[in-house]
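Colleague: Following this message is one structure expressed as structure tokens.
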Amino acid sequence: ERRGPMEQLESTKATLRSFKQTENEINAEARNTRERIESLKRDITVERDRLVDKDSAGRERLRETIQDLEAEVTDQEAEISNLQEQQKTLEDRSLELRDSEKQLKQDVEKGRRQVERVKTGLQELTQQTSDQMSAFGRGVKDALMTIKKTQWSGMEPIGPIGKFIKLRDPKWSQVIETILNKPLNSFLVETHADRTKLDAIFRRCGCQSQIVVCKTELFDYSQGEPDKDYLTVLRALHISNEIVKRQLINLNRIEQIILVEQRSVGDKIMSSNNGGFPQNVSACYSVDGYSLGARGGGLSTQAIFLVRPSSRLGEDISQAIAREKQQLIEQNQKLKEAQKALNSMTQEVEALLGEHKRSGIAER
């Protein structure tokens, strides 16, 4: 019957405890051998003292006895050396096994967390098929209904911001959603009085979206954009509301964050301006979720924690669900590989223990 990863880990730990017991037995045997050597040396000293008082035949017998004792001392010392070598081998392998156990346990646990994370994402996406506003957080749907019925001193609150954004290419969905995570749920108001009023509505509805007081001026941002050859977050999106677009530019610099498919390409770009960032580029992200480049110069690659996919960027939910199902298949495969590696290590441990038992070390 196939054992699960935790049962395999327990078996490995039991084997390591057995190795420790074997190590203790080796130490005990070594102590006994040393004591035997000391006893033999004392016997040799006694026999040499007796040589003085013996006749020729007696002295010859004593010499033979002494030679036998000295030969036994040599054998015992060789046994000590052999035991020490075996103990060193055992200690080295035990340390390797402990390191392997720790790493494989981490791999299995990481695989399990990833599988659960993808399952949770699938559940949330399924829920969004019946209520798309649920992607923006609890209470947003009720808050929107109340906003429509309320009088405002400035413009009617705009939000959630993500409602006005669509992806031009769905492959950038997760990394852009991560970059703009909280802003996608936020609302824009024109006055502080409207902010206070909207905050009261949010509290009643249980909505936790951010509220941003903003100016509605449609400023020209073109001078702040980088070379047209770079794909920026702004260029990767279709934003239907110009006020939303300006606020994302003003607060999140979406016109200066570039996107790359390959990390190596991003590394080259981010050091292409005499070792620094290109003009009007503030950050660079890869499609697989890495932040690239260091403002002070040199290479820097840091993984970012990608948020669970949703429909906040206008992606067709059925496509998002299909992508997450594929992700679940891949994560389950990674978990299976981690479990297989753990099983392989367990077999190696058991084989090593069997080798020690066959050599008689564990029975001394």
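By order of appearance in the structure tokens: chains A, B, ..., then residues from 1 within every chain, and ligands from 1 in the order shown.
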Name the residues in contact with A:Glu70 at a cut-off of 10 Å, using only C-alpha atoms, excluding same-chain residues fewer than 6 positions from it; report them as a VMD selection string.
Modeller: chain A and resid 37 40 to 41 43 to 44 64 76
Colleague: Counting only C-alpha atoms, what are the residues of stretch 244-279 of chain A within 10 Å of stretch 160-168 of chain A, and for each of them which pair of atoms is the nearest and at what distance in Å, to one decimal? Sort the table by chain and rising number, as CSV.
Modeller:
residue,atom,partner,partner_atom,distance
A:Val244,CA,A:Ile161,CA,6.5
A:Lys245,CA,A:Ile165,CA,8.9
A:Gln247,CA,A:Ile161,CA,9.7
A:Leu248,CA,A:Ile161,CA,9.2
Colleague: Suppose we keep N, CA, C and O atoms; can you now write the selection as a JSON list (two decimals), in the first residue's frame?
Modeller:
[["chain", "number", "residue", "atom", "x", "y", "z"],
["A", 244, "VAL", "N", -10.21, 57.74, -14.40],
["A", 244, "VAL", "CA", -9.58, 56.54, -13.83],
["A", 244, "VAL", "C", -8.16, 56.40, -14.37],
["A", 244, "VAL", "O", -7.21, 56.14, -13.62],
["A", 245, "LYS", "N", -8.00, 56.60, -15.67],
["A", 245, "LYS", "CA", -6.67, 56.48, -16.29],
["A", 245, "LYS", "C", -5.69, 57.47, -15.66],
["A", 245, "LYS", "O", -4.57, 57.09, -15.29],
["A", 247, "GLN", "N", -5.79, 58.88, -12.72],
["A", 247, "GLN", "CA", -5.49, 58.56, -11.32],
["A", 247, "GLN", "C", -4.51, 57.39, -11.21],
["A", 247, "GLN", "O", -3.62, 57.38, -10.36],
["A", 248, "LEU", "N", -4.63, 56.41, -12.07],
["A", 248, "LEU", "CA", -3.69, 55.29, -12.07],
["A", 248, "LEU", "C", -2.30, 55.75, -12.52],
["A", 248, "LEU", "O", -1.28, 55.23, -12.06]]
Colleague: For atom CA of A:Tyr285 and atom CA of A:Leu259, quote the distance in Å rounded to one decimal.
Modeller: 5.1 Å
Colleague: When distances are computed from only C-alpha atoms, which of A:Ser310, A:Thr178, A:Ser344, A:Gln333 shows the smallest separation from A:Thr120?
Modeller: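 Among the listed residues, A:Ser310 lies closest to A:Thr120.
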Colleague: Could you tell me how far atom CA of A:Ser222 sits from atom CA of A:Glu156, in Å to one decimal place?
Modeller: 27.5 Å
Colleague: Between A:Gln331, A:Pro183, A:Glu261, A:Ala193, which is the closest to A:Gln151 once you count only C-alpha atoms?
Modeller: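 The closest residue to A:Gln151 is A:Ala193.
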Colleague: Leaving out A:Gln208 and any residue of its chain fewer than 2 positions from it, which residues lie within 9 Å of it when counting only C-alpha atoms, given as number ranges by chain?
Modeller: A: 137-140, 185-186, 202-203, 205-206, 210
Colleague: For those residues, write C-alpha atoms to a file as a PDB file, in the first residue's frame.
Modeller:
ATOM      1  CA  GLY A 137     -14.855  42.546  -2.389  1.00  0.00           C
ATOM      2  CA  ARG A 138     -17.708  42.161   0.049  1.00  0.00           C
ATOM      3  CA  GLY A 139     -20.525  44.717  -0.034  1.00  0.00           C
ATOM      4  CA  VAL A 140     -19.547  46.384  -3.345  1.00  0.00           C
ATOM      5  CA  ASN A 185     -11.174  47.882  -5.777  1.00  0.00           C
ATOM      6  CA  SER A 186     -10.982  51.601  -4.979  1.00  0.00           C
ATOM      7  CA  PHE A 202     -19.317  51.548   2.850  1.00  0.00           C
ATOM      8  CA  ARG A 203     -19.593  50.962   6.590  1.00  0.00           C
ATOM      9  CA  CYS A 205     -22.637  47.740   3.390  1.00  0.00           C
ATOM     10  CA  GLY A 206     -19.516  46.145   4.856  1.00  0.00           C
ATOM     11  CA  GLN A 210     -10.326  52.513  -0.587  1.00  0.00           C
TER      12      GLN A 210
END
Colleague: Set the distance at 12 Å and use only C-alpha atoms: which residues neighbour A:Ile243 once local chain neighbours fewer than 2 positions away are removed? I'd like the list as a list in words.
Modeller: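 Within the cut-off, the hits are Met155, Pro157, Ile158, Gly159, Ile161, Phe164, Ile165, Phe187, Leu188, Val189, Glu190, Val212, Val213, Cys214, Lys215, Thr216, Glu217, Leu218, Phe219, Asp220, Ile239, Ser240, Asn241, Lys245, Arg246, Gln247, Leu248, Ile249 and Asn250 of chain A.
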Colleague: Which of these residues is nearest to A:Leu328, using only C-alpha atoms: A:Glu72, A:Leu104, A:Arg112, A:Glu38?
Modeller: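 Of A:Glu72, A:Leu104, A:Arg112, A:Glu38, the one nearest A:Leu328 is A:Arg112, counting only C-alpha atoms.
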Colleague: Show which residues sit within 6 Å of A:Cys284, as JSON, numbers by chain. Count only C-alpha atoms, and ignore same-chain residues fewer than 3 positions away.
Modeller: {"A": [257, 258, 259, 291, 292]}
Colleague: Keeping only all heavy atoms, write the selected residues as a short mmCIF file (atom, residue, chain, number, x, y, z; two decimals), in the first residue's frame.
Modeller:
data_model
loop_
_atom_site.label_atom_id
_atom_site.label_comp_id
_atom_site.auth_asym_id
_atom_site.auth_seq_id
_atom_site.Cartn_x
_atom_site.Cartn_y
_atom_site.Cartn_z
N ILE A 257 5.68 51.69 -15.84
CA ILE A 257 5.98 50.31 -15.45
C ILE A 257 5.94 49.45 -16.70
O ILE A 257 4.90 49.39 -17.39
CB ILE A 257 4.96 49.79 -14.42
CG1 ILE A 257 4.99 50.63 -13.15
CG2 ILE A 257 5.25 48.32 -14.08
CD1 ILE A 257 3.91 50.27 -12.14
N ILE A 258 7.04 48.81 -17.03
CA ILE A 258 7.09 48.01 -18.25
C ILE A 258 6.94 46.53 -17.93
O ILE A 258 7.24 46.07 -16.82
CB ILE A 258 8.37 48.28 -19.07
CG1 ILE A 258 9.61 47.81 -18.31
CG2 ILE A 258 8.46 49.74 -19.44
CD1 ILE A 258 10.88 47.89 -19.17
N LEU A 259 6.49 45.78 -18.94
CA LEU A 259 6.23 44.35 -18.82
C LEU A 259 7.07 43.60 -19.84
O LEU A 259 7.21 44.04 -20.99
CB LEU A 259 4.75 44.05 -19.05
CG LEU A 259 3.76 44.81 -18.16
CD1 LEU A 259 2.34 44.62 -18.69
CD2 LEU A 259 3.87 44.34 -16.71
N SER A 291 10.01 40.96 -10.17
CA SER A 291 10.40 42.36 -10.28
C SER A 291 11.87 42.39 -10.68
O SER A 291 12.71 41.74 -10.05
CB SER A 291 10.20 43.07 -8.93
OG SER A 291 10.76 44.37 -8.98
N LEU A 292 12.19 43.15 -11.73
CA LEU A 292 13.53 43.13 -12.32
C LEU A 292 14.18 44.50 -12.24
O LEU A 292 13.53 45.53 -12.40
CB LEU A 292 13.44 42.68 -13.78
CG LEU A 292 12.71 41.35 -14.03
CD1 LEU A 292 12.48 41.14 -15.51
CD2 LEU A 292 13.49 40.19 -13.45
#
Colleague: Return the single residue from A:Ser264, A:Ser39, A:Ser271, A:Gln256 that is closest to A:Ala283, with distances computed using only C-alpha atoms.
Modeller: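 Closest to A:Ala283 of all the choices is A:Gln256.
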